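Structure below is run-v8.cif: mmCIF, C-alpha atoms.
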```cif
data_protein
loop_
_atom_site.group_PDB
_atom_site.id
_atom_site.type_symbol
_atom_site.label_atom_id
_atom_site.label_comp_id
_atom_site.auth_asym_id
_atom_site.auth_seq_id
_atom_site.Cartn_x
_atom_site.Cartn_y
_atom_site.Cartn_z
ATOM 1 C CA MET G 862 -77.291 -21.591 7.286
ATOM 2 C CA SER G 863 -80.849 -22.058 8.486
ATOM 3 C CA PRO G 864 -82.571 -25.434 8.507
ATOM 4 C CA ALA G 865 -85.082 -26.023 5.756
ATOM 5 C CA VAL G 866 -88.739 -25.576 6.650
ATOM 6 C CA PRO G 867 -91.117 -28.492 5.950
ATOM 7 C CA GLU G 868 -92.500 -26.836 2.811
ATOM 8 C CA GLN G 869 -88.981 -26.649 1.373
ATOM 9 C CA GLU G 870 -88.268 -30.248 2.285
ATOM 10 C CA GLU G 871 -91.311 -31.383 0.315
ATOM 11 C CA ARG G 872 -89.873 -29.811 -2.817
ATOM 12 C CA VAL G 873 -86.513 -31.619 -2.579
ATOM 13 C CA PRO G 874 -86.314 -34.052 -5.532
ATOM 14 C CA GLU G 875 -86.507 -37.694 -4.525
ATOM 15 C CA GLU G 876 -83.096 -38.510 -5.993
ATOM 16 C CA ARG G 877 -81.434 -35.844 -3.872
ATOM 17 C CA ARG G 878 -83.355 -36.985 -0.781
ATOM 18 C CA VAL G 879 -82.005 -40.517 -1.178
ATOM 19 C CA ARG G 880 -78.445 -39.247 -1.470
ATOM 20 C CA GLU G 881 -78.773 -37.015 1.594
ATOM 21 C CA GLU G 882 -80.440 -39.632 3.768
ATOM 22 C CA GLU G 883 -78.341 -42.632 2.779
ATOM 23 C CA GLY G 884 -75.047 -40.889 1.956
ATOM 24 C CA ARG G 885 -74.825 -42.662 -1.390
ATOM 25 C CA VAL G 886 -76.284 -42.527 -4.870
ATOM 26 C CA PRO G 887 -79.721 -43.903 -5.742
ATOM 27 C CA GLU G 888 -80.279 -47.575 -6.544
ATOM 28 C CA GLU G 889 -80.053 -47.255 -10.296
ATOM 29 C CA ARG G 890 -76.723 -45.434 -10.060
ATOM 30 C CA ARG G 891 -75.405 -47.888 -7.461
ATOM 31 C CA GLU G 892 -76.159 -50.762 -9.810
ATOM 32 C CA GLY G 893 -74.141 -49.083 -12.543
ATOM 33 C CA ARG G 894 -71.231 -48.568 -10.206
ATOM 34 C CA ALA G 895 -71.383 -52.126 -8.893
ATOM 35 C CA ALA G 896 -71.000 -53.386 -12.433
ATOM 36 C CA ARG G 897 -67.534 -51.822 -12.459
ATOM 37 C CA LEU G 898 -66.272 -53.417 -9.243
ATOM 38 C CA GLU G 899 -64.046 -55.549 -11.438
ATOM 39 C CA GLY G 900 -62.048 -53.806 -14.116
ATOM 40 C CA ARG G 901 -62.073 -50.480 -12.316
ATOM 41 C CA ARG G 902 -59.793 -47.688 -13.511
ATOM 42 C CA VAL G 903 -57.294 -46.949 -10.737
ATOM 43 C CA LEU G 904 -54.527 -44.377 -10.326
ATOM 44 C CA ILE G 905 -52.082 -44.894 -7.446
ATOM 45 C CA THR G 906 -49.547 -42.236 -6.519
ATOM 46 C CA GLY G 907 -46.218 -43.389 -5.163
ATOM 47 C CA GLY G 908 -46.972 -46.627 -6.972
ATOM 48 C CA ALA G 909 -43.422 -47.579 -7.920
ATOM 49 C CA GLY G 910 -42.377 -49.057 -4.584
ATOM 50 C CA GLY G 911 -43.293 -49.923 -1.002
ATOM 51 C CA LEU G 912 -46.973 -49.965 -0.138
ATOM 52 C CA GLY G 913 -47.732 -48.320 -3.479
ATOM 53 C CA SER G 914 -46.445 -51.229 -5.539
ATOM 54 C CA SER G 915 -48.243 -53.682 -3.247
ATOM 55 C CA LEU G 916 -51.489 -51.778 -3.800
ATOM 56 C CA VAL G 917 -50.896 -51.842 -7.548
ATOM 57 C CA ALA G 918 -50.499 -55.625 -7.431
ATOM 58 C CA ALA G 919 -53.545 -56.078 -5.191
ATOM 59 C CA PHE G 920 -55.845 -54.058 -7.455
ATOM 60 C CA GLU G 921 -54.492 -55.726 -10.590
ATOM 61 C CA ALA G 922 -55.063 -59.161 -9.053
ATOM 62 C CA ARG G 923 -58.765 -58.269 -8.986
ATOM 63 C CA GLY G 924 -58.788 -57.446 -12.665
ATOM 64 C CA ASP G 925 -58.581 -53.688 -12.251
ATOM 65 C CA ARG G 926 -56.726 -51.482 -14.701
ATOM 66 C CA VAL G 927 -54.052 -49.643 -12.742
ATOM 67 C CA VAL G 928 -51.547 -46.924 -13.522
ATOM 68 C CA ALA G 929 -48.699 -46.413 -11.054
ATOM 69 C CA ALA G 930 -47.792 -42.736 -10.858
ATOM 70 C CA ASP G 931 -44.493 -41.826 -9.245
ATOM 71 C CA ILE G 932 -41.642 -39.354 -9.273
ATOM 72 C CA THR G 933 -39.223 -42.250 -9.752
ATOM 73 C CA ASP G 934 -37.501 -42.542 -13.118
ATOM 74 C CA GLY G 935 -39.145 -45.198 -15.264
ATOM 75 C CA ALA G 936 -42.527 -45.021 -13.523
ATOM 76 C CA PRO G 937 -45.443 -45.761 -15.888
ATOM 77 C CA LEU G 938 -46.743 -42.250 -15.257
ATOM 78 C CA HIS G 939 -44.488 -39.456 -13.981
ATOM 79 C CA LEU G 940 -46.103 -37.567 -11.125
ATOM 80 C CA ASP G 941 -44.550 -35.254 -8.573
ATOM 81 C CA VAL G 942 -47.438 -34.661 -6.169
ATOM 82 C CA ARG G 943 -46.102 -31.139 -5.501
ATOM 83 C CA SER G 944 -46.672 -30.151 -9.138
ATOM 84 C CA ASP G 945 -50.016 -28.830 -10.359
ATOM 85 C CA ASP G 946 -48.850 -29.421 -13.930
ATOM 86 C CA ASP G 947 -48.079 -33.085 -13.199
ATOM 87 C CA TRP G 948 -51.498 -33.552 -11.636
ATOM 88 C CA ALA G 949 -53.187 -31.987 -14.656
ATOM 89 C CA ALA G 950 -51.201 -34.300 -16.924
ATOM 90 C CA ALA G 951 -52.262 -37.313 -14.840
ATOM 91 C CA ARG G 952 -55.921 -36.338 -15.193
ATOM 92 C CA ASP G 953 -55.522 -35.880 -18.926
ATOM 93 C CA HIS G 954 -53.799 -39.263 -19.169
ATOM 94 C CA VAL G 955 -56.595 -41.267 -17.551
ATOM 95 C CA VAL G 956 -59.279 -39.398 -19.486
ATOM 96 C CA GLU G 957 -57.511 -40.065 -22.780
ATOM 97 C CA GLU G 958 -56.668 -43.687 -21.978
ATOM 98 C CA TRP G 959 -59.773 -44.759 -20.079
ATOM 99 C CA GLY G 960 -62.377 -42.039 -20.455
ATOM 100 C CA GLY G 961 -62.407 -41.405 -16.701
ATOM 101 C CA LEU G 962 -61.296 -42.771 -13.342
ATOM 102 C CA ASP G 963 -62.965 -44.928 -10.718
ATOM 103 C CA VAL G 964 -60.396 -44.983 -7.901
ATOM 104 C CA LEU G 965 -57.779 -42.407 -6.899
ATOM 105 C CA VAL G 966 -55.294 -43.656 -4.299
ATOM 106 C CA ASN G 967 -53.272 -40.842 -2.735
ATOM 107 C CA ASN G 968 -50.420 -42.972 -1.446
ATOM 108 C CA ALA G 969 -47.272 -40.947 -2.171
ATOM 109 C CA GLY G 970 -45.563 -39.728 0.965
ATOM 110 C CA VAL G 971 -42.327 -39.290 2.852
ATOM 111 C CA ALA G 972 -41.129 -40.154 6.341
ATOM 112 C CA GLY G 973 -39.975 -37.394 8.633
ATOM 113 C CA GLY G 974 -40.280 -35.960 12.082
ATOM 114 C CA GLY G 975 -38.232 -34.537 14.893
ATOM 115 C CA ARG G 976 -38.582 -33.091 18.349
ATOM 116 C CA LEU G 977 -40.143 -29.646 18.612
ATOM 117 C CA ASP G 978 -36.888 -27.827 19.286
ATOM 118 C CA VAL G 979 -34.813 -29.836 16.813
ATOM 119 C CA ALA G 980 -36.735 -30.072 13.523
ATOM 120 C CA GLY G 981 -36.386 -26.962 11.402
ATOM 121 C CA MET G 982 -39.089 -25.079 9.547
ATOM 122 C CA ASP G 983 -37.667 -26.308 6.256
ATOM 123 C CA GLU G 984 -38.442 -29.864 7.406
ATOM 124 C CA TRP G 985 -41.979 -28.865 8.328
ATOM 125 C CA GLN G 986 -42.499 -27.257 4.933
ATOM 126 C CA TRP G 987 -41.047 -30.243 3.056
ATOM 127 C CA ILE G 988 -43.250 -32.853 4.730
ATOM 128 C CA THR G 989 -46.364 -30.667 4.566
ATOM 129 C CA GLU G 990 -45.937 -29.991 0.855
ATOM 130 C CA ILE G 991 -45.732 -33.711 0.048
ATOM 131 C CA ASN G 992 -47.812 -35.538 2.646
ATOM 132 C CA LEU G 993 -50.674 -33.064 3.003
ATOM 133 C CA PHE G 994 -50.723 -30.717 0.029
ATOM 134 C CA GLY G 995 -49.962 -33.643 -2.295
ATOM 135 C CA VAL G 996 -53.252 -35.199 -1.188
ATOM 136 C CA VAL G 997 -55.050 -31.866 -1.435
ATOM 137 C CA ARG G 998 -53.841 -31.440 -5.015
ATOM 138 C CA GLY G 999 -54.964 -34.928 -5.955
ATOM 139 C CA ILE G 1000 -58.443 -34.389 -4.567
ATOM 140 C CA ARG G 1001 -58.781 -30.954 -6.163
ATOM 141 C CA THR G 1002 -57.636 -32.308 -9.526
ATOM 142 C CA PHE G 1003 -60.090 -35.193 -9.721
ATOM 143 C CA THR G 1004 -63.121 -33.851 -7.863
ATOM 144 C CA PRO G 1005 -64.599 -32.137 -10.963
ATOM 145 C CA LEU G 1006 -64.275 -35.387 -12.932
ATOM 146 C CA PHE G 1007 -65.834 -37.456 -10.143
ATOM 147 C CA LYS G 1008 -68.680 -34.966 -9.826
ATOM 148 C CA GLN G 1009 -69.299 -35.141 -13.545
ATOM 149 C CA GLN G 1010 -69.276 -38.951 -13.463
ATOM 150 C CA ARG G 1011 -71.374 -38.973 -10.269
ATOM 151 C CA SER G 1012 -69.150 -41.791 -9.054
ATOM 152 C CA GLY G 1013 -65.680 -42.386 -7.720
ATOM 153 C CA LEU G 1014 -63.632 -43.525 -4.769
ATOM 154 C CA ILE G 1015 -60.809 -41.548 -3.159
ATOM 155 C CA VAL G 1016 -58.431 -43.503 -0.923
ATOM 156 C CA ASN G 1017 -56.021 -41.445 1.172
ATOM 157 C CA ILE G 1018 -53.130 -43.283 2.789
ATOM 158 C CA ALA G 1019 -52.601 -41.518 6.103
ATOM 159 C CA SER G 1020 -51.102 -43.260 9.139
ATOM 160 C CA LEU G 1021 -51.924 -44.242 12.681
ATOM 161 C CA ALA G 1022 -49.983 -41.049 13.413
ATOM 162 C CA GLY G 1023 -53.057 -39.205 12.174
ATOM 163 C CA LEU G 1024 -55.022 -40.622 15.116
ATOM 164 C CA VAL G 1025 -52.364 -41.377 17.751
ATOM 165 C CA HIS G 1026 -49.635 -38.805 18.320
ATOM 166 C CA PRO G 1027 -46.299 -39.946 19.772
ATOM 167 C CA ALA G 1028 -43.566 -37.552 20.866
ATOM 168 C CA GLY G 1029 -40.845 -36.606 18.427
ATOM 169 C CA MET G 1030 -43.150 -36.811 15.411
ATOM 170 C CA ALA G 1031 -44.936 -33.464 15.537
ATOM 171 C CA SER G 1032 -44.688 -32.621 11.836
ATOM 172 C CA TYR G 1033 -45.597 -36.136 10.699
ATOM 173 C CA ASN G 1034 -48.457 -36.351 13.196
ATOM 174 C CA ALA G 1035 -49.783 -32.971 12.115
ATOM 175 C CA VAL G 1036 -49.843 -33.667 8.381
ATOM 176 C CA LYS G 1037 -51.320 -37.141 8.797
ATOM 177 C CA ALA G 1038 -54.003 -35.780 11.134
ATOM 178 C CA GLY G 1039 -54.665 -33.245 8.398
ATOM 179 C CA VAL G 1040 -55.151 -36.072 5.886
ATOM 180 C CA VAL G 1041 -57.614 -37.751 8.265
ATOM 181 C CA ALA G 1042 -59.609 -34.525 8.615
ATOM 182 C CA LEU G 1043 -59.452 -33.850 4.879
ATOM 183 C CA SER G 1044 -60.701 -37.359 4.141
ATOM 184 C CA GLU G 1045 -63.729 -37.031 6.405
ATOM 185 C CA THR G 1046 -64.552 -33.633 4.919
ATOM 186 C CA THR G 1047 -64.218 -35.011 1.403
ATOM 187 C CA GLY G 1048 -66.542 -37.909 2.183
ATOM 188 C CA HIS G 1049 -69.237 -35.590 3.497
ATOM 189 C CA GLU G 1050 -68.885 -33.024 0.729
ATOM 190 C CA LEU G 1051 -68.936 -35.458 -2.185
ATOM 191 C CA ALA G 1052 -71.449 -38.019 -0.923
ATOM 192 C CA GLU G 1053 -74.247 -36.292 -2.829
ATOM 193 C CA TYR G 1054 -72.359 -36.982 -6.058
ATOM 194 C CA GLY G 1055 -71.936 -40.701 -5.410
ATOM 195 C CA VAL G 1056 -68.262 -40.282 -4.444
ATOM 196 C CA ARG G 1057 -66.791 -42.028 -1.415
ATOM 197 C CA CYS G 1058 -63.609 -41.280 0.489
ATOM 198 C CA ALA G 1059 -61.654 -43.682 2.702
ATOM 199 C CA CYS G 1060 -58.679 -42.959 4.930
ATOM 200 C CA VAL G 1061 -56.101 -45.651 5.730
ATOM 201 C CA CYS G 1062 -54.240 -45.470 9.055
ATOM 202 C CA PRO G 1063 -51.673 -48.269 9.449
ATOM 203 C CA SER G 1064 -49.263 -48.637 12.330
ATOM 204 C CA TYR G 1065 -45.599 -49.442 11.678
ATOM 205 C CA PHE G 1066 -45.021 -51.979 8.933
ATOM 206 C CA ARG G 1067 -41.877 -53.056 7.126
ATOM 207 C CA THR G 1068 -41.205 -50.595 4.335
ATOM 208 C CA GLY G 1069 -38.247 -48.912 2.715
ATOM 209 C CA LEU G 1070 -39.850 -45.530 3.325
ATOM 210 C CA VAL G 1071 -37.998 -45.162 6.610
ATOM 211 C CA ASP G 1072 -34.678 -45.668 4.802
ATOM 212 C CA ALA G 1073 -35.285 -42.368 3.027
ATOM 213 C CA MET G 1074 -36.405 -40.602 6.205
ATOM 214 C CA GLN G 1075 -35.094 -37.063 6.369
ATOM 215 C CA GLY G 1076 -34.516 -34.800 9.322
ATOM 216 C CA THR G 1077 -31.892 -33.416 11.650
ATOM 217 C CA ASP G 1078 -33.201 -35.323 14.673
ATOM 218 C CA THR G 1079 -31.197 -38.541 14.394
ATOM 219 C CA ALA G 1080 -32.577 -39.870 17.680
ATOM 220 C CA VAL G 1081 -36.073 -40.004 16.183
ATOM 221 C CA GLY G 1082 -34.752 -41.764 13.099
ATOM 222 C CA LYS G 1083 -33.065 -44.383 15.260
ATOM 223 C CA VAL G 1084 -36.196 -45.079 17.321
ATOM 224 C CA ILE G 1085 -38.527 -45.206 14.308
ATOM 225 C CA GLY G 1086 -36.107 -47.376 12.360
ATOM 226 C CA GLY G 1087 -36.118 -49.945 15.140
ATOM 227 C CA LEU G 1088 -39.920 -49.998 15.317
ATOM 228 C CA VAL G 1089 -40.254 -50.465 11.567
ATOM 229 C CA ALA G 1090 -37.670 -53.256 11.503
ATOM 230 C CA ALA G 1091 -39.529 -55.102 14.277
ATOM 231 C CA ALA G 1092 -42.979 -54.733 12.690
ATOM 232 C CA PRO G 1093 -44.721 -58.062 12.018
ATOM 233 C CA LEU G 1094 -46.351 -57.079 8.722
ATOM 234 C CA GLY G 1095 -45.080 -56.006 5.337
ATOM 235 C CA PRO G 1096 -46.691 -53.913 2.601
ATOM 236 C CA ASP G 1097 -48.420 -56.865 0.920
ATOM 237 C CA GLU G 1098 -50.390 -57.657 4.084
ATOM 238 C CA ILE G 1099 -51.310 -54.007 4.560
ATOM 239 C CA ALA G 1100 -52.458 -53.709 0.934
ATOM 240 C CA ALA G 1101 -54.670 -56.793 1.285
ATOM 241 C CA ALA G 1102 -56.245 -55.344 4.426
ATOM 242 C CA VAL G 1103 -56.843 -52.034 2.658
ATOM 243 C CA LEU G 1104 -58.836 -53.723 -0.104
ATOM 244 C CA GLU G 1105 -60.820 -55.684 2.475
ATOM 245 C CA GLY G 1106 -61.684 -52.432 4.235
ATOM 246 C CA LEU G 1107 -62.747 -50.846 0.963
ATOM 247 C CA ASP G 1108 -64.938 -53.865 0.239
ATOM 248 C CA ARG G 1109 -66.679 -53.313 3.581
ATOM 249 C CA GLY G 1110 -67.181 -49.645 2.821
ATOM 250 C CA ASP G 1111 -65.061 -48.503 5.784
ATOM 251 C CA GLU G 1112 -64.342 -44.793 5.855
ATOM 252 C CA VAL G 1113 -61.430 -45.191 8.282
ATOM 253 C CA ILE G 1114 -59.361 -48.316 7.712
ATOM 254 C CA LEU G 1115 -57.085 -49.564 10.498
ATOM 255 C CA PRO G 1116 -55.394 -52.385 8.585
ATOM 256 C CA ASP G 1117 -53.396 -54.027 11.378
ATOM 257 C CA GLU G 1118 -53.983 -55.144 14.936
ATOM 258 C CA ALA G 1119 -51.399 -52.784 16.421
ATOM 259 C CA ALA G 1120 -53.199 -49.799 14.900
ATOM 260 C CA ARG G 1121 -56.590 -51.011 16.116
ATOM 261 C CA ALA G 1122 -55.287 -51.628 19.641
ATOM 262 C CA ALA G 1123 -53.550 -48.256 19.929
ATOM 263 C CA TYR G 1124 -56.561 -46.291 18.746
ATOM 264 C CA ALA G 1125 -58.903 -48.310 20.960
ATOM 265 C CA LEU G 1126 -56.702 -47.515 23.962
ATOM 266 C CA LYS G 1127 -56.862 -43.794 23.208
ATOM 267 C CA LEU G 1128 -60.636 -43.862 22.872
ATOM 268 C CA GLY G 1129 -61.282 -46.219 25.759
ATOM 269 C CA ASP G 1130 -58.745 -45.236 28.432
ATOM 270 C CA ARG G 1131 -57.200 -41.838 27.830
ATOM 271 C CA ALA G 1132 -55.208 -41.895 31.075
ATOM 272 C CA ALA G 1133 -53.540 -45.181 30.152
ATOM 273 C CA TYR G 1134 -52.903 -43.913 26.629
ATOM 274 C CA ASP G 1135 -51.237 -40.766 27.981
ATOM 275 C CA GLN G 1136 -48.997 -42.878 30.179
ATOM 276 C CA VAL G 1137 -47.876 -44.921 27.182
ATOM 277 C CA MET G 1138 -47.172 -41.781 25.143
ATOM 278 C CA ARG G 1139 -45.184 -40.151 27.955
ATOM 279 C CA ARG G 1140 -43.186 -43.323 28.493
ATOM 280 C CA GLN G 1141 -42.348 -43.303 24.796
ATOM 281 C CA ALA G 1142 -41.285 -39.652 25.107
ATOM 282 C CA ARG G 1143 -38.939 -40.484 27.989
ATOM 283 C CA HIS G 1144 -37.410 -43.285 25.928
ATOM 284 C CA LEU G 1145 -36.829 -40.912 23.019
ATOM 285 C CA ASN G 1146 -35.164 -38.364 25.307
ATOM 286 C CA ALA G 1147 -32.950 -41.080 26.760
ATOM 287 C CA VAL G 1148 -31.844 -42.147 23.274
ATOM 288 C CA ALA G 1149 -31.121 -38.525 22.362
ATOM 289 C CA ASP G 1150 -29.222 -37.775 25.567
ATOM 290 C CA PRO G 1151 -27.978 -40.986 27.201
ATOM 291 C CA SER G 1152 -26.156 -39.041 29.918
#
```
Let me see the file written as structure tokens.
Amino acid sequence: MSPAVPEQEERVPEERRVREEEGRVPEERREGRAARLEGRRVLITGGAGGLGSSLVAAFEARGDRVVAADITDGAPLHLDVRSDDDWAAARDHVVEEWGGLDVLVNNAGVAGGGRLDVAGMDEWQWITEINLFGVVRGIRTFTPLFKQQRSGLIVNIASLAGLVHPAGMASYNAVKAGVVALSETTGHELAEYGVRCACVCPSYFRTGLVDAMQGTDTAVGKVIGGLVAAAPLGPDEIAAAVLEGLDRGDEVILPDEAARAAYALKLGDRAAYDQVMRRQARHLNAVADPS
């Protein structure tokens, strides 16, 4: 694409110019959106447990209307993030019940991983279908509605693993890095329509997700399980930090100190970061083969 010549720039409508220059909607539209900061309409995937249920409680505590969508039996709204039909039904549900949606939280995910020569392709396909394509489906489903509304907020729960990449977690690192990249792309692409996108990248926190971790590499499961059990924060603290980050307008939310420190080390001292990552890799290999 060629850059616009000055004559073309002069013909750009003022409303569009404001959106392009400021990355947000014009003042009159922002005022309308601000009026809905309380009582927003929120859909949270994976909302029946773990961080999802903590996010449901945190939004509801602010007076928002929230529907928890989950594959779990008895969830308020059934949603398998791998199913296009389920996503279409979720969109129809919020339109019928609320007339639209203000916040989509793509939280549903699974824990997995494994060393490069241990994890099978079936494990790669399983985690990619849920953790990455589940987010893709959510964004694709609701983008037309958000464009029509000219407002909306998409919150993608990724992981520090999307920014910092330890050994033994190749598949998990790859899909979470994909969510980070997808989130940034979404934010750029939809800014003109008044739609924001935020990506959340927590470090280890206490959650039952690791209890359902799948994979043939038991050494990785043992190491990750120990890190999760020793984590200082639980899902309620992470959820509170997520809402604080959204309030600030952060596009990348690092909700805990461990995540902030690890990412700062990678950005600020790559040699030291590499040493830490290689030391972690040696520890994993020692757990896998103590001889």
Selection dump of the PyMOL selection byres ((chain G and resi 914) around 12), as a JSON list (two decimals) with C-alpha atoms, in the frame of the given file:
```
[["chain", "number", "residue", "atom", "x", "y", "z"],
["G", 904, "LEU", "CA", -54.53, -44.38, -10.33],
["G", 905, "ILE", "CA", -52.08, -44.89, -7.45],
["G", 906, "THR", "CA", -49.55, -42.24, -6.52],
["G", 907, "GLY", "CA", -46.22, -43.39, -5.16],
["G", 908, "GLY", "CA", -46.97, -46.63, -6.97],
["G", 909, "ALA", "CA", -43.42, -47.58, -7.92],
["G", 910, "GLY", "CA", -42.38, -49.06, -4.58],
["G", 911, "GLY", "CA", -43.29, -49.92, -1.00],
["G", 912, "LEU", "CA", -46.97, -49.96, -0.14],
["G", 913, "GLY", "CA", -47.73, -48.32, -3.48],
["G", 915, "SER", "CA", -48.24, -53.68, -3.25],
["G", 916, "LEU", "CA", -51.49, -51.78, -3.80],
["G", 917, "VAL", "CA", -50.90, -51.84, -7.55],
["G", 918, "ALA", "CA", -50.50, -55.62, -7.43],
["G", 919, "ALA", "CA", -53.54, -56.08, -5.19],
["G", 920, "PHE", "CA", -55.84, -54.06, -7.46],
["G", 921, "GLU", "CA", -54.49, -55.73, -10.59],
["G", 927, "VAL", "CA", -54.05, -49.64, -12.74],
["G", 928, "VAL", "CA", -51.55, -46.92, -13.52],
["G", 929, "ALA", "CA", -48.70, -46.41, -11.05],
["G", 930, "ALA", "CA", -47.79, -42.74, -10.86],
["G", 931, "ASP", "CA", -44.49, -41.83, -9.24],
["G", 936, "ALA", "CA", -42.53, -45.02, -13.52],
["G", 937, "PRO", "CA", -45.44, -45.76, -15.89],
["G", 966, "VAL", "CA", -55.29, -43.66, -4.30],
["G", 968, "ASN", "CA", -50.42, -42.97, -1.45],
["G", 969, "ALA", "CA", -47.27, -40.95, -2.17],
["G", 1068, "THR", "CA", -41.20, -50.60, 4.34],
["G", 1069, "GLY", "CA", -38.25, -48.91, 2.72],
["G", 1095, "GLY", "CA", -45.08, -56.01, 5.34],
["G", 1096, "PRO", "CA", -46.69, -53.91, 2.60],
["G", 1097, "ASP", "CA", -48.42, -56.86, 0.92],
["G", 1099, "ILE", "CA", -51.31, -54.01, 4.56],
["G", 1100, "ALA", "CA", -52.46, -53.71, 0.93]]
```
Problem - Option closest in space to G:Tyr1124, from G:Gly960, G:Pro1093, G:Pro1151, G:Gly1023 [counting all atoms listed in the file] - result: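 Of G:Gly960, G:Pro1093, G:Pro1151, G:Gly1023, the one nearest G:Tyr1124 is G:Gly1023, counting all atoms listed in the file.
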Handout entry: Atom pair atom CA of G:Arg1057 / atom CA of G:Gly1110: separation (Å)
Key =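 Going from atom CA of G:Arg1057 over to atom CA of G:Gly1110 covers 8.7 Å.
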Completion exercise
Residue with the minimum atom-to-atom distance to G:Arg1140, picked from G:Ala1091, G:Ala1102, G:Leu1051, G:Ala1028 with all atoms listed in the file counted, is G:Ala1028
Problem - Selection under test: the PyMOL selection byres ((chain G and resi 996) around 10); residues as a list of chain:residue names - result: G:Thr906, G:Val942, G:Arg943, G:Val966, G:Asn967, G:Asn968, G:Ala969, G:Gly970, G:Glu990, G:Ile991, G:Asn992, G:Leu993, G:Phe994, G:Gly995, G:Val997, G:Arg998, G:Gly999, G:Ile1000, G:Arg1001, G:Thr1002, G:Val1016, G:Asn1017, G:Ile1018, G:Ala1019, G:Gly1039, G:Val1040, G:Leu1043, G:Ser1044
Practice task
Could you please determine the separation between atom CA of G:Asp1108 and atom CA of G:Val903 in Å, to one decimal place?
Solution key: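 About the pair atom CA of G:Asp1108 and atom CA of G:Val903: they are 15.1 Å apart.
Proximity of G:Tyr1065, G:Phe1003, G:Trp985, G:Tyr1054 to G:Val955, computed with only C-alpha atoms, is greatest for G:Phe1003.
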